[in-house]
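Have a look at the structure below, then the notes.
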Amino acid sequence: MSIVLVGSTSGSVTLQEPAVAGTTVLTLPAVSGNVLTDTSPKAGNVIQVVNATYSTQTTSGSSTYADTGLTATITPTSITSKILVLVSQNGNLVTGYSTGTAITFRLLRSASVIAFLEDLNSYTAGSSGSGVGGGSTSISYLDSPATTSATTYKTQFSNRAASGTVYIQFSSSVSSMTLMEIAT
């Protein structure tokens, strides 16, 4: 025997008995609202996911940090939630470099620096080059923003030696940021 639950506007769910002898009991919790979405999540559960991409080429000849254009915003559902930030910064290139030239990255929550990504394309050679690609760099960072307000994360980059030109998202390469709210 099967039981069919018809949705109020569309769709349906069919519950079918197992093909074994005996009695099987399915006990639903005594809660109001949506059982799968409204109950308290267990520690470690992913509550929500936000993903953003950015592909506009950006350049710098300065050692001052500037926005890469990659940004994402999440609104945590609980003040105790953690946010797992996954960044893949792509299309990194250095041209006209000299000793010590490197692309450096940092991760910010609102206006606060919360992590540094590794230096990329660091050189010790004294001569200039026409262009050296570093490909991509990434970071995973578990943040504790302690808020239920909209929270924005972004990356910034700089040309550490202020020599030559550094490129991010070179030739429209796609960088990405994923934010995952984790229950605690």
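Note on naming: chains are A, B, ... as they come in the structure tokens, residues start from 1 per chain, ligands start from 1 in the order shown.
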
Near Ile3 of chain A, within 9 Å and counting only C-alpha atoms, which residues show up once chain neighbours fewer than 4 positions away are dropped, as a PyMOL selection string? chain A and resi 13-17

Hey, what's within 6 Å of segment 175-181 of chain A if we count only C-alpha atoms and toss same-chain stuff fewer than 3 positions away? As an NGL selection string, please? :A and (46-54 or 82-90)

How about saving the chosen residues, C-alpha atoms kept, as a PDB file, in the first residue's frame?
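Written output follows (part_35.pdb):
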ATOM      1  CA  VAL A  46      25.539  23.616   6.565  1.00  0.00           C
ATOM      2  CA  ILE A  47      22.691  26.104   6.986  1.00  0.00           C
ATOM      3  CA  GLN A  48      23.141  28.150   3.809  1.00  0.00           C
ATOM      4  CA  VAL A  49      25.570  28.638   0.944  1.00  0.00           C
ATOM      5  CA  VAL A  50      26.338  31.828  -0.996  1.00  0.00           C
ATOM      6  CA  ASN A  51      28.524  31.831  -4.107  1.00  0.00           C
ATOM      7  CA  ALA A  52      29.908  34.767  -6.080  1.00  0.00           C
ATOM      8  CA  THR A  53      32.173  35.068  -9.103  1.00  0.00           C
ATOM      9  CA  TYR A  54      34.056  37.944 -10.701  1.00  0.00           C
ATOM     10  CA  LYS A  82      30.664  30.123  11.781  1.00  0.00           C
ATOM     11  CA  ILE A  83      31.249  31.101   8.160  1.00  0.00           C
ATOM     12  CA  LEU A  84      33.517  28.933   6.031  1.00  0.00           C
ATOM     13  CA  VAL A  85      35.043  31.169   3.357  1.00  0.00           C
ATOM     14  CA  LEU A  86      36.452  29.449   0.255  1.00  0.00           C
ATOM     15  CA  VAL A  87      38.306  31.682  -2.221  1.00  0.00           C
ATOM     16  CA  SER A  88      39.870  30.870  -5.575  1.00  0.00           C
ATOM     17  CA  GLN A  89      41.605  33.954  -6.977  1.00  0.00           C
ATOM     18  CA  ASN A  90      42.413  33.231 -10.627  1.00  0.00           C
TER      19      ASN A  90
END

Do you know which residues are at most 9 Å from Tyr167 of chain A counting only C-alpha atoms, after dropping those on the same chain fewer than 3 positions away, and could you put them as a ChimeraX atom specification? /A:57-60,91-95,103,170

Counting only C-alpha atoms, figure out which residue out of A:Ala66, A:Ala43, A:Val166, A:Ala111 gets nearest to Ala183 of chain A.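 Checking each of A:Ala66, A:Ala43, A:Val166, A:Ala111 against Ala183 of chain A, counting only C-alpha atoms, the winner is A:Ala43.
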
Pairwise distance for atom CA of Asn159 of chain A and atom CA of Ser140 of chain A, rounded to one decimal in Å: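 Distance between the two atoms: 22.4 Å.
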
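Of the listed residues (A:Ser138, A:Thr155, A:Thr75, A:Thr148), A:Thr155 comes nearest to Ser112 of chain A; the distances count only C-alpha atoms.
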
Between atom CA of Ile79 of chain A and atom CA of Ser40 of chain A, what is the distance, to one decimal in Å?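 Separating atom CA of Ile79 of chain A from atom CA of Ser40 of chain A is a distance of 13.5 Å.
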
Provide the atom CA of Thr184 of chain A to atom CA of Thr151 of chain A distance in Å, to one decimal place.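 Here the two named atoms are 17.9 Å from each other.
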
All residues 8 Å or closer to Arg160 of chain A, only C-alpha atoms, same chain fewer than 4 positions away omitted, as JSON, numbers by chain: {"A": [62, 63, 100, 101, 102, 103, 104]}

May I have the residues from that selection written out with C-alpha atoms, as a CSV table (one decimal), in the first residue's frame?
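Output (out04.csv):
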chain,number,residue,atom,x,y,z
A,62,SER,CA,51.1,49.9,-6.4
A,63,SER,CA,52.1,48.3,-3.1
A,100,GLY,CA,61.0,40.9,-4.9
A,101,THR,CA,58.0,41.5,-7.1
A,102,ALA,CA,55.0,39.5,-5.9
A,103,ILE,CA,51.2,39.6,-5.9
A,104,THR,CA,49.9,39.6,-2.3

Test item, strand (DSSP E or B) assignment across segment 59-172 of chain A, answer as a PyMOL selection string: chain A and resi 59-60+66-74+82-95+103-109+112-120+132-143+151-159+165-168
